[in-house]
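Trainee: Sending over input18.cif (mmCIF, C-alpha atoms).
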```
data_my_file
loop_
_atom_site.group_PDB
_atom_site.id
_atom_site.type_symbol
_atom_site.label_atom_id
_atom_site.label_comp_id
_atom_site.auth_asym_id
_atom_site.auth_seq_id
_atom_site.Cartn_x
_atom_site.Cartn_y
_atom_site.Cartn_z
ATOM 1 C CA MET N 318 33.057 19.459 -10.306
ATOM 2 C CA GLU N 319 34.547 16.957 -12.736
ATOM 3 C CA TYR N 320 36.333 13.914 -11.351
ATOM 4 C CA ASP N 321 38.960 11.763 -13.015
ATOM 5 C CA ASP N 322 38.517 8.005 -13.280
ATOM 6 C CA ARG N 323 40.741 7.264 -10.282
ATOM 7 C CA GLU N 324 38.624 9.495 -8.013
ATOM 8 C CA ILE N 325 35.421 7.964 -9.350
ATOM 9 C CA ILE N 326 36.709 4.416 -8.877
ATOM 10 C CA GLU N 327 37.917 5.106 -5.355
ATOM 11 C CA GLY N 328 34.554 6.681 -4.496
ATOM 12 C CA CYS N 329 32.738 3.641 -5.876
ATOM 13 C CA LYS N 330 34.989 1.313 -3.873
ATOM 14 C CA ARG N 331 33.784 3.173 -0.762
ATOM 15 C CA LYS N 332 30.197 2.474 -1.942
ATOM 16 C CA ASP N 333 29.560 6.208 -2.254
ATOM 17 C CA LYS N 334 26.285 6.562 -4.196
ATOM 18 C CA LYS N 335 27.366 9.907 -5.636
ATOM 19 C CA PHE N 336 30.403 8.349 -7.327
ATOM 20 C CA GLN N 337 28.425 5.317 -8.456
ATOM 21 C CA LYS N 338 26.018 7.645 -10.235
ATOM 22 C CA ILE N 339 28.884 9.618 -11.764
ATOM 23 C CA LEU N 340 30.451 6.403 -13.089
ATOM 24 C CA TYR N 341 27.111 5.228 -14.455
ATOM 25 C CA ASP N 342 26.334 8.562 -16.123
ATOM 26 C CA LYS N 343 29.810 8.814 -17.622
ATOM 27 C CA TYR N 344 29.890 5.352 -19.255
ATOM 28 C CA ALA N 345 26.309 4.062 -19.568
ATOM 29 C CA GLN N 346 25.712 5.182 -23.146
ATOM 30 C CA HIS N 347 28.920 3.627 -24.479
ATOM 31 C CA LEU N 348 28.458 0.386 -22.524
ATOM 32 C CA PHE N 349 24.825 -0.025 -23.530
ATOM 33 C CA ALA N 350 25.925 0.292 -27.168
ATOM 34 C CA VAL N 351 28.431 -2.518 -26.513
ATOM 35 C CA CYS N 352 25.588 -4.657 -25.186
ATOM 36 C CA LEU N 353 23.331 -3.865 -28.141
ATOM 37 C CA ARG N 354 26.007 -4.837 -30.660
ATOM 38 C CA ASN N 355 26.431 -8.198 -28.985
ATOM 39 C CA THR N 356 22.781 -9.188 -28.523
ATOM 40 C CA ARG N 357 19.761 -10.223 -30.529
ATOM 41 C CA CYS N 358 17.361 -7.652 -29.096
ATOM 42 C CA LYS N 359 17.093 -4.595 -26.877
ATOM 43 C CA GLU N 360 15.591 -6.616 -24.018
ATOM 44 C CA ASP N 361 18.622 -8.957 -23.915
ATOM 45 C CA ALA N 362 20.926 -5.924 -24.065
ATOM 46 C CA GLU N 363 19.105 -4.347 -21.110
ATOM 47 C CA ASP N 364 19.432 -7.547 -19.049
ATOM 48 C CA ILE N 365 23.120 -7.876 -19.857
ATOM 49 C CA PHE N 366 23.737 -4.177 -19.236
ATOM 50 C CA GLN N 367 22.212 -4.377 -15.772
ATOM 51 C CA GLU N 368 24.065 -7.573 -14.829
ATOM 52 C CA ALA N 369 27.361 -6.258 -16.168
ATOM 53 C CA PHE N 370 27.087 -2.992 -14.244
ATOM 54 C CA VAL N 371 26.473 -4.874 -11.002
ATOM 55 C CA LYS N 372 29.515 -7.046 -11.741
ATOM 56 C CA ALA N 373 31.570 -3.990 -12.625
ATOM 57 C CA PHE N 374 30.755 -2.274 -9.327
ATOM 58 C CA ASN N 375 31.549 -5.476 -7.449
ATOM 59 C CA SER N 376 34.835 -5.978 -9.346
ATOM 60 C CA LEU N 377 36.378 -2.544 -8.970
ATOM 61 C CA GLU N 378 38.867 -3.903 -6.435
ATOM 62 C CA LYS N 379 40.327 -5.987 -9.281
ATOM 63 C CA TYR N 380 40.993 -2.973 -11.513
ATOM 64 C CA SER N 381 44.749 -2.355 -11.397
ATOM 65 C CA TYR N 382 44.860 1.082 -13.097
ATOM 66 C CA GLN N 383 46.859 -0.529 -15.911
ATOM 67 C CA GLY N 384 45.357 0.529 -19.227
ATOM 68 C CA SER N 385 42.278 2.663 -19.612
ATOM 69 C CA PHE N 386 39.307 2.166 -17.352
ATOM 70 C CA ILE N 387 36.820 2.336 -20.247
ATOM 71 C CA SER N 388 38.671 -0.519 -21.978
ATOM 72 C CA TRP N 389 38.486 -2.599 -18.814
ATOM 73 C CA LEU N 390 34.740 -1.934 -18.544
ATOM 74 C CA THR N 391 34.151 -2.601 -22.246
ATOM 75 C CA ILE N 392 35.857 -5.988 -22.062
ATOM 76 C CA MET N 393 33.787 -6.880 -19.011
ATOM 77 C CA PHE N 394 30.528 -5.953 -20.781
ATOM 78 C CA LYS N 395 31.486 -7.865 -23.943
ATOM 79 C CA ARG N 396 32.267 -10.972 -21.928
ATOM 80 C CA GLU N 397 28.975 -10.660 -20.094
ATOM 81 C CA ALA N 398 27.122 -10.539 -23.429
ATOM 82 C CA TRP N 399 29.024 -13.494 -24.875
ATOM 83 C CA ASN N 400 28.502 -15.525 -21.712
ATOM 84 C CA TYR N 401 24.799 -14.665 -21.703
ATOM 85 C CA TYR N 402 24.366 -16.587 -24.929
ATOM 86 C CA ARG N 403 26.756 -19.300 -23.874
ATOM 87 C CA GLY N 404 24.580 -19.725 -20.769
ATOM 88 C CA LYS N 405 21.520 -20.092 -22.982
ATOM 89 C CA LYS N 406 23.298 -23.066 -24.502
ATOM 90 C CA THR N 407 23.597 -21.508 -27.925
ATOM 91 C CA GLN N 408 24.528 -24.465 -30.023
ATOM 92 C CA PHE N 409 27.515 -23.976 -32.239
ATOM 93 C CA SER N 410 27.460 -26.469 -35.069
ATOM 94 C CA LYS N 411 30.018 -27.043 -37.764
ATOM 95 C CA VAL N 412 29.461 -24.840 -40.769
ATOM 96 C CA GLU N 413 30.961 -25.442 -44.166
ATOM 97 C CA LEU N 414 30.947 -22.585 -46.636
ATOM 98 C CA ASP N 415 32.815 -21.913 -49.803
ATOM 99 C CA ASP N 416 34.349 -18.461 -49.269
ATOM 100 C CA SER N 417 34.202 -17.780 -52.997
ATOM 101 C CA ASN N 418 30.466 -17.090 -52.537
ATOM 102 C CA ILE N 419 31.185 -13.983 -50.448
ATOM 103 C CA PRO N 420 31.033 -10.797 -52.546
ATOM 104 C CA THR N 421 34.333 -8.925 -52.693
ATOM 105 C CA TYR N 422 32.456 -5.634 -52.228
ATOM 106 C CA ALA N 423 31.087 -6.650 -48.820
ATOM 107 C CA ASN N 424 33.423 -4.385 -46.821
ATOM 108 C CA ASP N 425 32.413 -1.334 -48.850
ATOM 109 C CA ILE N 426 28.730 -2.071 -48.315
ATOM 110 C CA LEU N 427 29.128 -2.442 -44.550
ATOM 111 C CA GLU N 428 30.834 0.960 -44.355
ATOM 112 C CA GLU N 429 28.015 2.758 -46.230
ATOM 113 C CA TYR N 430 25.191 2.173 -43.752
ATOM 114 C CA SER N 431 24.303 3.751 -40.429
ATOM 115 C CA ASN N 432 25.010 2.165 -37.074
ATOM 116 C CA GLU N 433 21.269 1.686 -36.592
ATOM 117 C CA GLN N 434 20.959 -0.222 -39.859
ATOM 118 C CA LEU N 435 23.984 -2.356 -38.998
ATOM 119 C CA LEU N 436 22.622 -3.053 -35.513
ATOM 120 C CA ASN N 437 19.274 -4.098 -36.997
ATOM 121 C CA CYS N 438 21.017 -6.556 -39.313
ATOM 122 C CA LEU N 439 23.267 -7.915 -36.554
ATOM 123 C CA GLN N 440 20.288 -8.579 -34.327
ATOM 124 C CA ARG N 441 18.631 -10.615 -37.083
ATOM 125 C CA LEU N 442 21.553 -13.053 -37.309
ATOM 126 C CA GLU N 443 21.616 -16.330 -35.427
ATOM 127 C CA ASP N 444 23.378 -15.993 -32.073
ATOM 128 C CA LYS N 445 26.463 -17.936 -33.144
ATOM 129 C CA GLU N 446 26.836 -15.933 -36.357
ATOM 130 C CA ARG N 447 26.419 -12.591 -34.584
ATOM 131 C CA ILE N 448 28.901 -13.532 -31.879
ATOM 132 C CA VAL N 449 31.581 -14.543 -34.398
ATOM 133 C CA LEU N 450 30.972 -11.494 -36.615
ATOM 134 C CA VAL N 451 31.034 -9.022 -33.727
ATOM 135 C CA MET N 452 34.020 -10.635 -32.023
ATOM 136 C CA TYR N 453 36.107 -10.474 -35.197
ATOM 137 C CA ALA N 454 34.894 -7.454 -37.172
ATOM 138 C CA ILE N 455 33.971 -5.078 -34.360
ATOM 139 C CA ASP N 456 35.855 -6.197 -31.262
ATOM 140 C CA GLY N 457 39.038 -7.247 -33.046
ATOM 141 C CA ALA N 458 39.340 -10.718 -31.527
ATOM 142 C CA THR N 459 41.678 -13.086 -33.311
ATOM 143 C CA TRP N 460 40.468 -16.230 -35.062
ATOM 144 C CA GLU N 461 42.176 -18.247 -32.321
ATOM 145 C CA GLU N 462 40.374 -16.357 -29.530
ATOM 146 C CA ILE N 463 37.026 -16.873 -31.239
ATOM 147 C CA ALA N 464 37.803 -20.559 -31.820
ATOM 148 C CA GLU N 465 38.637 -20.967 -28.145
ATOM 149 C CA PHE N 466 35.392 -19.278 -27.098
ATOM 150 C CA THR N 467 33.194 -21.270 -29.492
ATOM 151 C CA GLN N 468 35.250 -24.452 -29.110
ATOM 152 C CA PHE N 469 35.610 -24.880 -32.878
ATOM 153 C CA GLU N 470 38.486 -25.145 -35.257
ATOM 154 C CA VAL N 471 39.768 -21.861 -36.669
ATOM 155 C CA ALA N 472 38.649 -22.863 -40.179
ATOM 156 C CA THR N 473 35.091 -23.382 -38.952
ATOM 157 C CA VAL N 474 35.092 -19.992 -37.230
ATOM 158 C CA ARG N 475 36.280 -18.323 -40.423
ATOM 159 C CA SER N 476 33.495 -20.018 -42.357
ATOM 160 C CA MET N 477 30.940 -18.871 -39.782
ATOM 161 C CA PHE N 478 32.254 -15.321 -40.113
ATOM 162 C CA SER N 479 32.034 -15.436 -43.907
ATOM 163 C CA ARG N 480 28.499 -16.769 -43.747
ATOM 164 C CA ALA N 481 27.419 -14.063 -41.277
ATOM 165 C CA LYS N 482 29.070 -11.341 -43.349
ATOM 166 C CA LYS N 483 27.294 -12.543 -46.484
ATOM 167 C CA LYS N 484 23.945 -12.558 -44.660
ATOM 168 C CA VAL N 485 24.482 -8.978 -43.468
ATOM 169 C CA VAL N 486 25.375 -7.846 -46.968
ATOM 170 C CA ASP N 487 22.254 -9.560 -48.319
ATOM 171 C CA MET N 488 20.144 -7.885 -45.646
ATOM 172 C CA PHE N 489 21.468 -4.470 -46.684
ATOM 173 C CA TYR N 490 20.495 -5.082 -50.272
ATOM 174 C CA ASN N 491 16.985 -5.875 -49.096
ATOM 175 C CA LEU N 492 16.592 -2.705 -46.989
#
```
Let's see the structure in the file written out as structure tokens.
Mentor:
Amino acid sequence: MEYDDREIIEGCKRKDKKFQKILYDKYAQHLFAVCLRNTRCKEDAEDIFQEAFVKAFNSLEKYSYQGSFISWLTIMFKREAWNYYRGKKTQFSKVELDDSNIPTYANDILEEYSNEQLLNCLQRLEDKERIVLVMYAIDGATWEEIAEFTQFEVATVRSMFSRAKKKVVDMFYNL
């Protein structure tokens, strides 16, 4: 029998193991991919994935059925990944970069490669660069949201993004 999200959530709220497994099986692959995109290595992604799932199960009472459930979960997992590195005291330092050094063909290059190749390149970036790149280019955060998270000026965040994007492009050329 297939259950809709509301039935699954209500079952999980009752601590029913059957519904917890159904929720896990239904969303684990997508949510682990979210963790991988936001981390340096598979081991960090696994740690974050586990912690985020525990938090998700414990936070189901807060889900208001407004918007899609997968979006709610995805945001929770992204925040867990970002906070993981914030908790490790990732140091964000001011970065100055002349944007004219960024190739204009960078977007085309990023679209040509597989997810696995992109993930490999993302994981090789410094934490602060990966976080800014993923938050903006993949998750769609605004410059202001990223600046608030990193506690930098918007111009600095944009420079960090440009630097990270250039590094990824360079990595692709060296594949």
Trainee: Decode the PyMOL selection byres ((chain N and resi 437) around 12) for the given file into explicit residues and return them as a PDB file with C-alpha atoms, in the frame of the given file.
Mentor:
```
ATOM      1  CA  LEU N 353      23.331  -3.865 -28.141  1.00  0.00           C
ATOM      2  CA  ARG N 354      26.007  -4.837 -30.660  1.00  0.00           C
ATOM      3  CA  ASN N 355      26.431  -8.198 -28.985  1.00  0.00           C
ATOM      4  CA  THR N 356      22.781  -9.188 -28.523  1.00  0.00           C
ATOM      5  CA  ARG N 357      19.761 -10.223 -30.529  1.00  0.00           C
ATOM      6  CA  CYS N 358      17.361  -7.652 -29.096  1.00  0.00           C
ATOM      7  CA  LYS N 359      17.093  -4.595 -26.877  1.00  0.00           C
ATOM      8  CA  TYR N 430      25.191   2.173 -43.752  1.00  0.00           C
ATOM      9  CA  SER N 431      24.303   3.751 -40.429  1.00  0.00           C
ATOM     10  CA  ASN N 432      25.010   2.165 -37.074  1.00  0.00           C
ATOM     11  CA  GLU N 433      21.269   1.686 -36.592  1.00  0.00           C
ATOM     12  CA  GLN N 434      20.959  -0.222 -39.859  1.00  0.00           C
ATOM     13  CA  LEU N 435      23.984  -2.356 -38.998  1.00  0.00           C
ATOM     14  CA  LEU N 436      22.622  -3.053 -35.513  1.00  0.00           C
ATOM     15  CA  CYS N 438      21.017  -6.556 -39.313  1.00  0.00           C
ATOM     16  CA  LEU N 439      23.267  -7.915 -36.554  1.00  0.00           C
ATOM     17  CA  GLN N 440      20.288  -8.579 -34.327  1.00  0.00           C
ATOM     18  CA  ARG N 441      18.631 -10.615 -37.083  1.00  0.00           C
ATOM     19  CA  LEU N 442      21.553 -13.053 -37.309  1.00  0.00           C
ATOM     20  CA  ARG N 447      26.419 -12.591 -34.584  1.00  0.00           C
ATOM     21  CA  VAL N 485      24.482  -8.978 -43.468  1.00  0.00           C
ATOM     22  CA  MET N 488      20.144  -7.885 -45.646  1.00  0.00           C
ATOM     23  CA  PHE N 489      21.468  -4.470 -46.684  1.00  0.00           C
ATOM     24  CA  LEU N 492      16.592  -2.705 -46.989  1.00  0.00           C
TER      25      LEU N 492
END
```
Trainee: Nearest to Gln468 (chain N): which of N:Ala362, N:Val351, N:Val449, N:Met393 is it, counting all atoms listed in the file?
Mentor: N:Val449
Trainee: In Å, how far is it from CA of Ile392 (chain N) to CA of Cys352 (chain N)?
Mentor: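 Distance reported for this atom pair: 10.8 Å.
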Trainee: Using the chain letters and numbers from the file, give me the residues hit by the PyMOL selection byres ((chain N and resi 324-341) around 10), as a short mmCIF file (atom, residue, chain, number, x, y, z; two decimals) with C-alpha atoms, in the frame of the given file.
Mentor:
```cif
data_model
loop_
_atom_site.label_atom_id
_atom_site.label_comp_id
_atom_site.auth_asym_id
_atom_site.auth_seq_id
_atom_site.Cartn_x
_atom_site.Cartn_y
_atom_site.Cartn_z
CA GLU N 319 34.55 16.96 -12.74
CA TYR N 320 36.33 13.91 -11.35
CA ASP N 321 38.96 11.76 -13.02
CA ASP N 322 38.52 8.01 -13.28
CA ARG N 323 40.74 7.26 -10.28
CA ASP N 342 26.33 8.56 -16.12
CA LYS N 343 29.81 8.81 -17.62
CA TYR N 344 29.89 5.35 -19.26
CA ALA N 345 26.31 4.06 -19.57
CA GLN N 346 25.71 5.18 -23.15
CA LEU N 348 28.46 0.39 -22.52
CA PHE N 370 27.09 -2.99 -14.24
CA PHE N 374 30.76 -2.27 -9.33
CA ASN N 375 31.55 -5.48 -7.45
CA SER N 376 34.84 -5.98 -9.35
CA LEU N 377 36.38 -2.54 -8.97
CA GLU N 378 38.87 -3.90 -6.44
CA TYR N 380 40.99 -2.97 -11.51
CA TYR N 382 44.86 1.08 -13.10
CA PHE N 386 39.31 2.17 -17.35
#
```
Trainee: Considering all atoms listed in the file, can you say which of N:Phe394, N:Tyr490, N:Trp399, N:Trp389 comes closest to Ile463 (chain N)?
Mentor: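 Checking each of N:Phe394, N:Tyr490, N:Trp399, N:Trp389 against Ile463 (chain N), counting all atoms listed in the file, the winner is N:Trp399.
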Trainee: Could you state the separation of CA of Glu465 (chain N) and CA of Met452 (chain N) in Å, given to one decimal place?
Mentor: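 Distance between the two atoms: 12.0 Å.
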Trainee: Given only C-alpha atoms as the basis, pick out the residue of N:Asn491, N:Ile455, N:Glu397, N:Ser385 nearest to Ala373 (chain N).
Mentor: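 The answer is N:Glu397, which sits nearest to Ala373 (chain N).
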Trainee: In Å to one decimal, how far is CA of Ala454 (chain N) from CA of Glu470 (chain N)?
Mentor: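 Answer for the CA of Glu470 (chain N) to CA of Ala454 (chain N) separation: 18.2 Å.
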